[in-house]
Amino acid sequence: MTTQHSRDYWEKLLAGLRLEGRHFIDGDYRLPLSGETFTRIRPMDGRSGGVLSRGNAADIDAAVAAARAAFASGIWRQKEPGEKKKIMLRWADLIRAHGEELALLETIDVGKPVMASLNVDVRLCADGIQYYAEMIDKMYDEIAPTGPKARALVRKVPLGVVGVITPWNYPMIIDAWKVGPAIAAGNSVVLKPAEQSSLSALRLAALGLEAGLPAGVLNVVTGYGEETGKPLSLHMDVDMIAFTGSTEVGKLIMGYAAQSNVKRVALELGGKSPLVVFEDADLDAAASAVAWGCFYNSGETCHASTRLIVQRSVQDRLIEKIREVTDREIALKHPLDPSAQIGAMIEEAHLEKVLGMIAAGEREGARRVFGAEQVLSETGGYYVSPGVFVDVSNDMSLARQEIFGPVLAAIAFDTEEEALRLANDTIYGLAGAVFTTDMDRAHRFSERLHAGTVWINTYDMSNFATPFGGFKQSGFGRDRSVHAIDKYCDYKTIWQQFA
Ligand SMILES: NC(=O)c1ccc[n+]([C@@H]2O[C@H](COP(=O)([O-])OP(=O)(O)OC[C@H]3O[C@@H](n4cnc5c(N)ncnc54)[C@H](O)[C@@H]3O)[C@@H](O)[C@H]2O)c1
């Protein structure tokens with residue numbers, strides 16, 4: 001159980017925090033070769049959240065060279081598996097030991113409640129590194145079936161240099177989902193965090209070095225997508241890009257890979273996930289799942305349950321219950337307040353975008369039941385209250401576009417076929433859920449829902465054993481689980497003929 005510190009405690013910790021803004025390359029902090037920096041504005045109050053290096057192609061070249069040298073030397077990939085495992089386990093322990101500091105860094109950048117950063121983001125980051133550490137000495141090569149005159153060894157080998165590009169909504173967790181398996185498989189990594197959320201990535205890399213990761217195995221270059229992510233994706237000496245972010249940028253990255261060296265890509269992209277509620281469902285359970293599924297992290301979640309597809313006969317009752325759960329449980333407060341359940345939106349431009357999408361939805365005829373309004377805080381910062389719209393049809397922008405804010409669009413249906421058609425009528429396929437007490441229908445429906453994860457009578461359950469990723473334009477390749485490590489490996493066949 002984590003200690004519930006007061007806001008005053010977190011304010012003091014924040015005041016004493018030294019924010020590192022240099023790149024982390026070859027085991028050391030490096031000033032940007034570009035000579036340029038940028039200031040991160042903290043979403044919690046609109047004040048400076050640190051000065052960071054504004055990387056460019058030269059910084060990426062330096063990081064890729066360091067990663068390649070570390071890989072070529074074999075200093076990491078050829079280490080005894082038990083030794084590698086110990087180092088990564090130590091890394092996970094260091095992340096836990098520095099939990100409060102890391103939580104604060106995540107909150108400075110993202111504006112999420114510091115208690116959520118600590119209890120969810122830091123915990124899952126450390127658990128992710130540990131999960132892949134524990135796989136290291138449990139991976140075997142294979143012998144393929146052949147005739148008696150030969151033997152074919154099928155080896156799983158690391159790719160070399162992996163570029164990892166991550167978004168700002170769950171920075172530490174997503175870094176661990178990618179960097180963990182990539183490094184456990186023996187690769188070197190160049191991590192390019194989102195320009196909004198670089199602080200935790202820089203600290204994670206330094207803790208990795210402290211745990212014993214050799215210099216050059218994990219490098220971090222900060223900066224904007226066009227100036228750092230693009231040259232990383234186009235780099236001729238990078239073997240793979242593991243990307244999480246928007247579908248729009250994911251498509252660009254596929255193009256860069258094709259234009260350059262046909263590097264492998266894995267893409268975890270956007271979502272517009274349906275949560276379907278039939279009239280026989282437990283409406284209290286459904287209301288809680290909808291509210292938390294859609295509003296957690298201020299709706300800045302790729303698999304947020306943003307489309308409520310609800311049987312018309314129970315729509316009004318369910319919406320009322322969602323309002324009650326939201327009022328009772330989902331407290332929007334300053335992120336350093338330990339009782340906050342949701343905090344600030346990532347930045348002013350995103351706040352404006354979300355408010356613009358809400359206004360467009362109203363112009364198209366959606367009716368606001370409650371919330372979805374800017375909340376002005378005396379400390380400044382960018383806040384939007386959780387809100388619900390009804391009278392939404394599935395062709396309206398509120399139902400089609402990823403808003404990435406705490407905005408629920410409710411769409412009514414009459415028959416099971418109609419519910420299924422509405423649920424699947426989206427370019428995305430990341431997640432979905434069905435609420436019903438008819439288990440035949442639950443299984444029939446979940447089989448036909450076209451999404452990488454489907455929940456029955458719950459939302460957002462997960463653990464490391466379960467693969468996470470999407471169908472359709474939500475991407476391909478899976479994070480988490482033992483399968484994730486495969487995408488950071490190649491197969492190499494070695495034949496031997498016997499006399
Ligand atoms: N499927 C998942 O697992 C998952 C998880 C979290 C977030 N997401 C998605 O991420 C998006 C929100 O994050 P975001 O706003 O940071 O996404 P984004 O696509 O704008 O940026 C993601 C990363 O790509 C970089 N980037 C931007 N332009 C680039 C370019 N031209 N070349 C290379 N890199 C470039 C950014 O700097 C950032 O590091 C949402 O669409 C959300 O659904 C998906």
# chains A, B, ... in the order shown; residues from 1 in each chain; ligands from 1
$ residues_around --residues "Lys472 (chain A)" --least-positions-apart "3" --cutoff "8 Å" --atoms "only C-alpha atoms" --output "VMD selection string"
chain A and resid 427 to 429 475 to 476
$ write_last_selection --atoms "N, CA and C atoms" --output "mmCIF file, in the first residue's frame"
data_model
loop_
_atom_site.group_PDB
_atom_site.id
_atom_site.type_symbol
_atom_site.label_atom_id
_atom_site.label_comp_id
_atom_site.auth_asym_id
_atom_site.auth_seq_id
_atom_site.Cartn_x
_atom_site.Cartn_y
_atom_site.Cartn_z
ATOM 1 N N ILE A 427 -12.862 2.948 -38.270
ATOM 2 C CA ILE A 427 -11.583 2.562 -38.898
ATOM 3 C C ILE A 427 -10.670 1.875 -37.879
ATOM 4 N N TYR A 428 -11.025 2.000 -36.576
ATOM 5 C CA TYR A 428 -10.151 1.475 -35.525
ATOM 6 C C TYR A 428 -10.594 0.086 -35.060
ATOM 7 N N GLY A 429 -9.724 -0.588 -34.334
ATOM 8 C CA GLY A 429 -10.072 -1.904 -33.788
ATOM 9 C C GLY A 429 -9.183 -2.239 -32.603
ATOM 10 N N GLY A 475 -3.432 -0.477 -35.840
ATOM 11 C CA GLY A 475 -2.040 -0.913 -35.961
ATOM 12 C C GLY A 475 -1.848 -2.411 -36.001
ATOM 13 N N PHE A 476 -0.589 -2.810 -35.807
ATOM 14 C CA PHE A 476 -0.245 -4.231 -35.799
ATOM 15 C C PHE A 476 1.017 -4.422 -34.971
#
$ residues_near_ligand --ligand "ligand 1" --cutoff "6 Å" --atoms "only C-alpha atoms and all ligand atoms" --output "compact mmCIF listing (two decimals) with all heavy atoms, in the first residue's frame"
# COMPACT_ATOMS: atom_id res chain seq x y z
N ILE A 165 9.67 4.98 -30.56
CA ILE A 165 9.04 6.32 -30.56
C ILE A 165 7.73 6.21 -29.79
O ILE A 165 6.88 5.39 -30.13
CB ILE A 165 8.80 6.80 -32.01
CG1 ILE A 165 10.12 6.82 -32.79
CG2 ILE A 165 8.15 8.18 -32.02
CD1 ILE A 165 9.99 7.25 -34.25
N THR A 166 7.60 7.03 -28.76
CA THR A 166 6.46 6.85 -27.85
C THR A 166 5.61 8.13 -27.72
O THR A 166 6.09 9.23 -27.98
CB THR A 166 6.95 6.40 -26.46
OG1 THR A 166 8.02 7.25 -26.04
CG2 THR A 166 7.44 4.97 -26.49
N PRO A 167 4.36 7.98 -27.28
CA PRO A 167 3.45 9.12 -27.13
C PRO A 167 3.51 9.67 -25.71
O PRO A 167 4.26 9.17 -24.87
CB PRO A 167 2.09 8.48 -27.41
CG PRO A 167 2.22 7.11 -26.81
CD PRO A 167 3.65 6.70 -26.97
N TRP A 168 2.67 10.66 -25.45
CA TRP A 168 2.76 11.36 -24.15
C TRP A 168 1.75 10.89 -23.12
O TRP A 168 1.76 11.37 -21.99
CB TRP A 168 2.58 12.87 -24.37
CG TRP A 168 1.42 13.27 -25.24
CD1 TRP A 168 1.51 13.66 -26.55
CD2 TRP A 168 0.03 13.30 -24.90
NE1 TRP A 168 0.25 13.93 -27.04
CE2 TRP A 168 -0.67 13.72 -26.05
CE3 TRP A 168 -0.69 13.03 -23.75
CZ2 TRP A 168 -2.05 13.86 -26.08
CZ3 TRP A 168 -2.07 13.16 -23.77
CH2 TRP A 168 -2.74 13.57 -24.92
N LYS A 192 12.96 7.76 -28.52
CA LYS A 192 12.56 9.15 -28.78
C LYS A 192 11.19 9.34 -28.12
O LYS A 192 10.17 9.00 -28.70
CB LYS A 192 12.47 9.36 -30.30
CG LYS A 192 12.67 10.79 -30.78
CD LYS A 192 11.74 11.81 -30.17
CE LYS A 192 10.42 11.90 -30.90
NZ LYS A 192 9.52 12.88 -30.22
N PRO A 193 11.19 9.88 -26.89
CA PRO A 193 9.90 10.11 -26.23
C PRO A 193 9.17 11.28 -26.89
O PRO A 193 9.77 12.07 -27.62
CB PRO A 193 10.29 10.45 -24.80
CG PRO A 193 11.69 10.97 -24.89
CD PRO A 193 12.34 10.36 -26.09
N ALA A 194 7.88 11.41 -26.60
CA ALA A 194 7.12 12.55 -27.12
C ALA A 194 7.71 13.84 -26.55
O ALA A 194 8.18 13.87 -25.42
CB ALA A 194 5.66 12.42 -26.73
N GLU A 195 7.67 14.90 -27.34
CA GLU A 195 8.25 16.17 -26.91
C GLU A 195 7.57 16.72 -25.66
O GLU A 195 8.12 17.50 -24.91
CB GLU A 195 8.20 17.21 -28.05
CG GLU A 195 6.85 17.41 -28.71
CD GLU A 195 6.61 16.45 -29.88
OE1 GLU A 195 7.14 15.31 -29.83
OE2 GLU A 195 5.88 16.83 -30.81
N TYR A 224 11.29 17.23 -31.21
CA TYR A 224 10.02 17.15 -31.95
C TYR A 224 10.03 15.98 -32.94
O TYR A 224 11.09 15.53 -33.40
CB TYR A 224 9.77 18.47 -32.69
CG TYR A 224 9.56 19.62 -31.74
CD1 TYR A 224 10.59 20.53 -31.47
CD2 TYR A 224 8.35 19.79 -31.08
CE1 TYR A 224 10.40 21.58 -30.59
CE2 TYR A 224 8.16 20.84 -30.20
CZ TYR A 224 9.18 21.72 -29.95
OH TYR A 224 9.00 22.75 -29.06
N GLY A 225 8.82 15.55 -33.29
CA GLY A 225 8.67 14.40 -34.18
C GLY A 225 9.36 14.56 -35.52
O GLY A 225 10.13 13.70 -35.95
N GLU A 226 9.10 15.69 -36.17
CA GLU A 226 9.67 15.92 -37.52
C GLU A 226 11.20 15.98 -37.46
O GLU A 226 11.87 15.60 -38.41
CB GLU A 226 9.16 17.28 -38.04
CG GLU A 226 7.85 17.19 -38.80
CD GLU A 226 8.07 16.75 -40.24
OE1 GLU A 226 9.04 17.21 -40.85
OE2 GLU A 226 7.26 15.94 -40.73
N GLY A 229 12.09 12.14 -34.59
CA GLY A 229 11.42 10.87 -34.91
C GLY A 229 11.58 10.52 -36.37
O GLY A 229 11.81 9.36 -36.74
N LYS A 230 11.47 11.54 -37.23
CA LYS A 230 11.58 11.29 -38.67
C LYS A 230 12.99 10.81 -39.06
O LYS A 230 13.12 9.76 -39.71
CB LYS A 230 11.17 12.54 -39.45
CG LYS A 230 11.18 12.35 -40.96
CD LYS A 230 10.64 13.60 -41.67
CE LYS A 230 10.74 13.41 -43.16
NZ LYS A 230 10.25 14.59 -43.89
N THR A 244 4.39 3.85 -30.89
CA THR A 244 3.03 4.03 -30.38
C THR A 244 2.68 5.50 -30.54
O THR A 244 3.45 6.37 -30.15
CB THR A 244 2.91 3.62 -28.91
OG1 THR A 244 3.16 2.23 -28.80
CG2 THR A 244 1.50 3.89 -28.38
N GLY A 245 1.52 5.75 -31.14
CA GLY A 245 1.09 7.13 -31.34
C GLY A 245 -0.13 7.15 -32.24
O GLY A 245 -0.86 6.16 -32.33
N SER A 246 -0.31 8.27 -32.92
CA SER A 246 -1.52 8.42 -33.73
C SER A 246 -1.42 7.60 -35.02
O SER A 246 -0.33 7.32 -35.53
CB SER A 246 -1.71 9.89 -34.08
OG SER A 246 -0.59 10.35 -34.82
N VAL A 249 0.53 9.55 -37.80
CA VAL A 249 2.01 9.47 -37.78
C VAL A 249 2.46 8.03 -38.04
O VAL A 249 3.48 7.82 -38.70
CB VAL A 249 2.57 10.03 -36.45
CG1 VAL A 249 4.08 9.82 -36.36
CG2 VAL A 249 2.25 11.51 -36.33
N ILE A 253 5.37 6.74 -40.65
CA ILE A 253 6.52 5.92 -40.27
C ILE A 253 6.64 4.69 -41.18
O ILE A 253 7.74 4.30 -41.57
CB ILE A 253 6.42 5.56 -38.77
CG1 ILE A 253 6.84 6.82 -38.00
CG2 ILE A 253 7.31 4.38 -38.40
CD1 ILE A 253 6.70 6.78 -36.53
N GLU A 268 1.44 0.73 -32.80
CA GLU A 268 0.29 0.72 -31.87
C GLU A 268 -0.36 2.09 -32.01
O GLU A 268 0.21 3.09 -31.58
CB GLU A 268 0.77 0.53 -30.43
CG GLU A 268 1.50 -0.76 -30.16
CD GLU A 268 0.60 -1.97 -30.24
OE1 GLU A 268 -0.64 -1.82 -30.27
OE2 GLU A 268 1.14 -3.09 -30.30
N LEU A 269 -1.56 2.13 -32.59
CA LEU A 269 -2.10 3.43 -33.01
C LEU A 269 -3.39 3.79 -32.27
O LEU A 269 -3.63 3.31 -31.17
CB LEU A 269 -2.29 3.40 -34.53
CG LEU A 269 -1.04 2.95 -35.31
CD1 LEU A 269 -1.30 2.86 -36.79
CD2 LEU A 269 0.15 3.86 -35.03
N GLY A 270 -4.19 4.62 -32.88
CA GLY A 270 -5.34 5.19 -32.18
C GLY A 270 -6.51 4.24 -32.01
O GLY A 270 -6.46 3.08 -32.44
N GLY A 271 -7.57 4.75 -31.38
CA GLY A 271 -8.75 3.93 -31.14
C GLY A 271 -10.01 4.77 -30.97
O GLY A 271 -9.93 5.99 -30.77
N CYS A 302 -5.61 5.50 -25.33
CA CYS A 302 -5.87 4.98 -26.68
C CYS A 302 -7.08 4.06 -26.71
O CYS A 302 -7.84 4.06 -27.67
CB CYS A 302 -4.64 4.25 -27.20
SG CYS A 302 -4.03 3.03 -26.02
N GLY A 469 -2.87 -4.66 -28.38
CA GLY A 469 -2.67 -3.99 -29.66
C GLY A 469 -3.93 -4.08 -30.47
O GLY A 469 -4.94 -4.64 -30.02
$ residues_around --residues "Glu210 (chain A)" --least-positions-apart "3" --cutoff "9 Å" --atoms "only C-alpha atoms" --output "short mmCIF file (atom, residue, chain, number, x, y, z; two decimals) with N, CA and C atoms, in the first residue's frame"
data_model
loop_
_atom_site.label_atom_id
_atom_site.label_comp_id
_atom_site.auth_asym_id
_atom_site.auth_seq_id
_atom_site.Cartn_x
_atom_site.Cartn_y
_atom_site.Cartn_z
N ARG A 90 17.51 -5.55 -11.37
CA ARG A 90 18.00 -4.44 -10.55
C ARG A 90 17.41 -3.12 -11.07
N TRP A 91 17.30 -3.02 -12.37
CA TRP A 91 16.72 -1.82 -13.00
C TRP A 91 15.27 -1.64 -12.51
N LEU A 94 15.29 -0.40 -9.03
CA LEU A 94 15.66 1.02 -8.94
C LEU A 94 14.48 1.92 -9.33
N ALA A 205 16.56 5.87 -18.37
CA ALA A 205 17.82 5.46 -19.01
C ALA A 205 18.97 5.56 -18.01
N ALA A 206 18.98 6.63 -17.21
CA ALA A 206 20.06 6.79 -16.22
C ALA A 206 19.98 5.67 -15.17
N LEU A 207 18.77 5.30 -14.77
CA LEU A 207 18.63 4.21 -13.79
C LEU A 207 19.06 2.88 -14.41
N LEU A 213 23.25 -1.74 -17.10
CA LEU A 213 23.14 -1.80 -18.56
C LEU A 213 24.37 -1.12 -19.14
#
$ atom_distance --atom1 "CA of Ile41 (chain A)" --atom2 "CA of Lys272 (chain A)"
28.1 Å
$ residues_around --residues "Leu159 (chain A)" --least-positions-apart "5" --cutoff "12 Å" --atoms "only C-alpha atoms" --output "list in words"
Arg68, Phe71, Ala72, Arg77, Pro181, Ala182, Ile183, Ala184, Ala185, Gly186, Asn187, Ser188, Val189, Asp237, Val238, Asp239, Met240, Ile241, Lys263, Arg264, Val265, Ile485, Asp486, Lys487, Tyr488, Cys489, Asp490, Tyr491 and Lys492 of chain A
$ atom_distance --atom1 "CA of Met172 (chain A)" --atom2 "CA of Leu124 (chain A)"
8.3 Å
$ select_by_dssp --residues "region 147-391 of chain A" --states "helix (DSSP H, G or I)" --output "PyMOL selection string"
chain A and resi 171-184+199-211+225-234+247-259+283-299+312-329+348-363
$ atom_distance --atom1 "CA of Ser385 (chain A)" --atom2 "CA of Gly343 (chain A)"
9.5 Å
$ closest_residue --among "A:Val290, A:Val310, A:Val161, A:Ala304" --to "Ile330 (chain A)" --atoms "only C-alpha atoms"
A:Val290
$ decode --residues "region 161-260 of chain A" --atoms "C-alpha atoms" --output "mmCIF file, in the first residue's frame"
data_model
loop_
_atom_site.group_PDB
_atom_site.id
_atom_site.type_symbol
_atom_site.label_atom_id
_atom_site.label_comp_id
_atom_site.auth_asym_id
_atom_site.auth_seq_id
_atom_site.Cartn_x
_atom_site.Cartn_y
_atom_site.Cartn_z
ATOM 1 C CA VAL A 161 19.389 -1.227 -33.280
ATOM 2 C CA VAL A 162 15.744 -0.585 -32.440
ATOM 3 C CA GLY A 163 14.251 2.912 -32.592
ATOM 4 C CA VAL A 164 11.428 3.363 -30.101
ATOM 5 C CA ILE A 165 9.044 6.316 -30.562
ATOM 6 C CA THR A 166 6.455 6.855 -27.847
ATOM 7 C CA PRO A 167 3.452 9.117 -27.130
ATOM 8 C CA TRP A 168 2.756 11.365 -24.155
ATOM 9 C CA ASN A 169 -0.263 9.763 -22.502
ATOM 10 C CA TYR A 170 1.399 6.887 -20.583
ATOM 11 C CA PRO A 171 5.093 7.599 -21.255
ATOM 12 C CA MET A 172 6.768 5.313 -18.704
ATOM 13 C CA ILE A 173 4.438 2.396 -19.238
ATOM 14 C CA ILE A 174 4.767 2.446 -23.009
ATOM 15 C CA ASP A 175 8.541 2.932 -22.805
ATOM 16 C CA ALA A 176 8.732 -0.218 -20.666
ATOM 17 C CA TRP A 177 6.425 -2.178 -23.001
ATOM 18 C CA LYS A 178 8.865 -1.573 -25.859
ATOM 19 C CA VAL A 179 12.304 -0.954 -24.376
ATOM 20 C CA GLY A 180 11.888 -3.923 -21.974
ATOM 21 C CA PRO A 181 11.439 -6.670 -24.589
ATOM 22 C CA ALA A 182 13.789 -5.002 -27.109
ATOM 23 C CA ILE A 183 16.665 -4.965 -24.604
ATOM 24 C CA ALA A 184 15.799 -8.370 -23.131
ATOM 25 C CA ALA A 185 16.093 -9.769 -26.666
ATOM 26 C CA GLY A 186 19.656 -8.380 -26.898
ATOM 27 C CA ASN A 187 19.101 -5.247 -28.975
ATOM 28 C CA SER A 188 20.336 -1.705 -28.418
ATOM 29 C CA VAL A 189 17.722 1.055 -28.345
ATOM 30 C CA VAL A 190 17.378 4.696 -29.300
ATOM 31 C CA LEU A 191 14.291 6.001 -27.508
ATOM 32 C CA LYS A 192 12.560 9.148 -28.779
ATOM 33 C CA PRO A 193 9.898 10.107 -26.235
ATOM 34 C CA ALA A 194 7.124 12.553 -27.123
ATOM 35 C CA GLU A 195 8.252 16.175 -26.912
ATOM 36 C CA GLN A 196 5.586 16.723 -24.225
ATOM 37 C CA SER A 197 6.875 13.954 -21.946
ATOM 38 C CA SER A 198 10.622 13.325 -21.986
ATOM 39 C CA LEU A 199 11.555 13.622 -18.313
ATOM 40 C CA SER A 200 10.744 10.079 -17.200
ATOM 41 C CA ALA A 201 12.486 8.538 -20.234
ATOM 42 C CA LEU A 202 15.728 10.358 -19.432
ATOM 43 C CA ARG A 203 15.556 9.213 -15.812
ATOM 44 C CA LEU A 204 14.744 5.620 -16.786
ATOM 45 C CA ALA A 205 17.819 5.459 -19.005
ATOM 46 C CA ALA A 206 20.058 6.786 -16.220
ATOM 47 C CA LEU A 207 18.629 4.212 -13.790
ATOM 48 C CA GLY A 208 19.280 1.497 -16.383
ATOM 49 C CA LEU A 209 22.940 2.500 -16.504
ATOM 50 C CA GLU A 210 23.082 2.506 -12.701
ATOM 51 C CA ALA A 211 21.628 -1.007 -12.695
ATOM 52 C CA GLY A 212 24.411 -2.217 -14.996
ATOM 53 C CA LEU A 213 23.140 -1.801 -18.565
ATOM 54 C CA PRO A 214 26.270 -1.105 -20.595
ATOM 55 C CA ALA A 215 26.652 2.392 -22.070
ATOM 56 C CA GLY A 216 25.029 2.683 -25.489
ATOM 57 C CA VAL A 217 22.422 -0.034 -24.920
ATOM 58 C CA LEU A 218 19.727 2.540 -24.107
ATOM 59 C CA ASN A 219 19.980 6.053 -25.512
ATOM 60 C CA VAL A 220 17.397 8.832 -25.308
ATOM 61 C CA VAL A 221 17.107 11.728 -27.752
ATOM 62 C CA THR A 222 14.485 14.360 -27.013
ATOM 63 C CA GLY A 223 12.818 16.710 -29.461
ATOM 64 C CA TYR A 224 10.023 17.145 -31.950
ATOM 65 C CA GLY A 225 8.673 14.399 -34.180
ATOM 66 C CA GLU A 226 9.671 15.922 -37.515
ATOM 67 C CA GLU A 227 13.163 16.785 -36.278
ATOM 68 C CA THR A 228 14.056 13.597 -34.370
ATOM 69 C CA GLY A 229 11.424 10.875 -34.910
ATOM 70 C CA LYS A 230 11.582 11.288 -38.672
ATOM 71 C CA PRO A 231 15.394 11.010 -39.039
ATOM 72 C CA LEU A 232 15.313 8.041 -36.653
ATOM 73 C CA SER A 233 12.680 6.335 -38.815
ATOM 74 C CA LEU A 234 14.581 7.143 -42.011
ATOM 75 C CA HIS A 235 17.958 6.081 -40.603
ATOM 76 C CA MET A 236 19.777 3.501 -42.691
ATOM 77 C CA ASP A 237 21.437 1.923 -39.646
ATOM 78 C CA VAL A 238 18.263 1.358 -37.632
ATOM 79 C CA ASP A 239 16.756 -2.120 -37.954
ATOM 80 C CA MET A 240 13.297 -1.509 -36.547
ATOM 81 C CA ILE A 241 10.935 1.223 -35.364
ATOM 82 C CA ALA A 242 8.565 0.314 -32.553
ATOM 83 C CA PHE A 243 6.007 3.101 -32.513
ATOM 84 C CA THR A 244 3.029 4.030 -30.382
ATOM 85 C CA GLY A 245 1.090 7.128 -31.339
ATOM 86 C CA SER A 246 -1.519 8.420 -33.735
ATOM 87 C CA THR A 247 -2.626 6.547 -36.842
ATOM 88 C CA GLU A 248 -1.641 9.581 -38.896
ATOM 89 C CA VAL A 249 2.006 9.473 -37.779
ATOM 90 C CA GLY A 250 2.031 5.656 -37.883
ATOM 91 C CA LYS A 251 1.285 5.836 -41.608
ATOM 92 C CA LEU A 252 4.178 8.276 -42.100
ATOM 93 C CA ILE A 253 6.516 5.916 -40.270
ATOM 94 C CA MET A 254 5.569 3.010 -42.527
ATOM 95 C CA GLY A 255 6.458 5.274 -45.441
ATOM 96 C CA TYR A 256 9.834 6.248 -43.938
ATOM 97 C CA ALA A 257 10.671 2.590 -43.376
ATOM 98 C CA ALA A 258 9.857 1.785 -46.994
ATOM 99 C CA GLN A 259 11.791 4.813 -48.298
ATOM 100 C CA SER A 260 14.926 3.941 -46.343
#
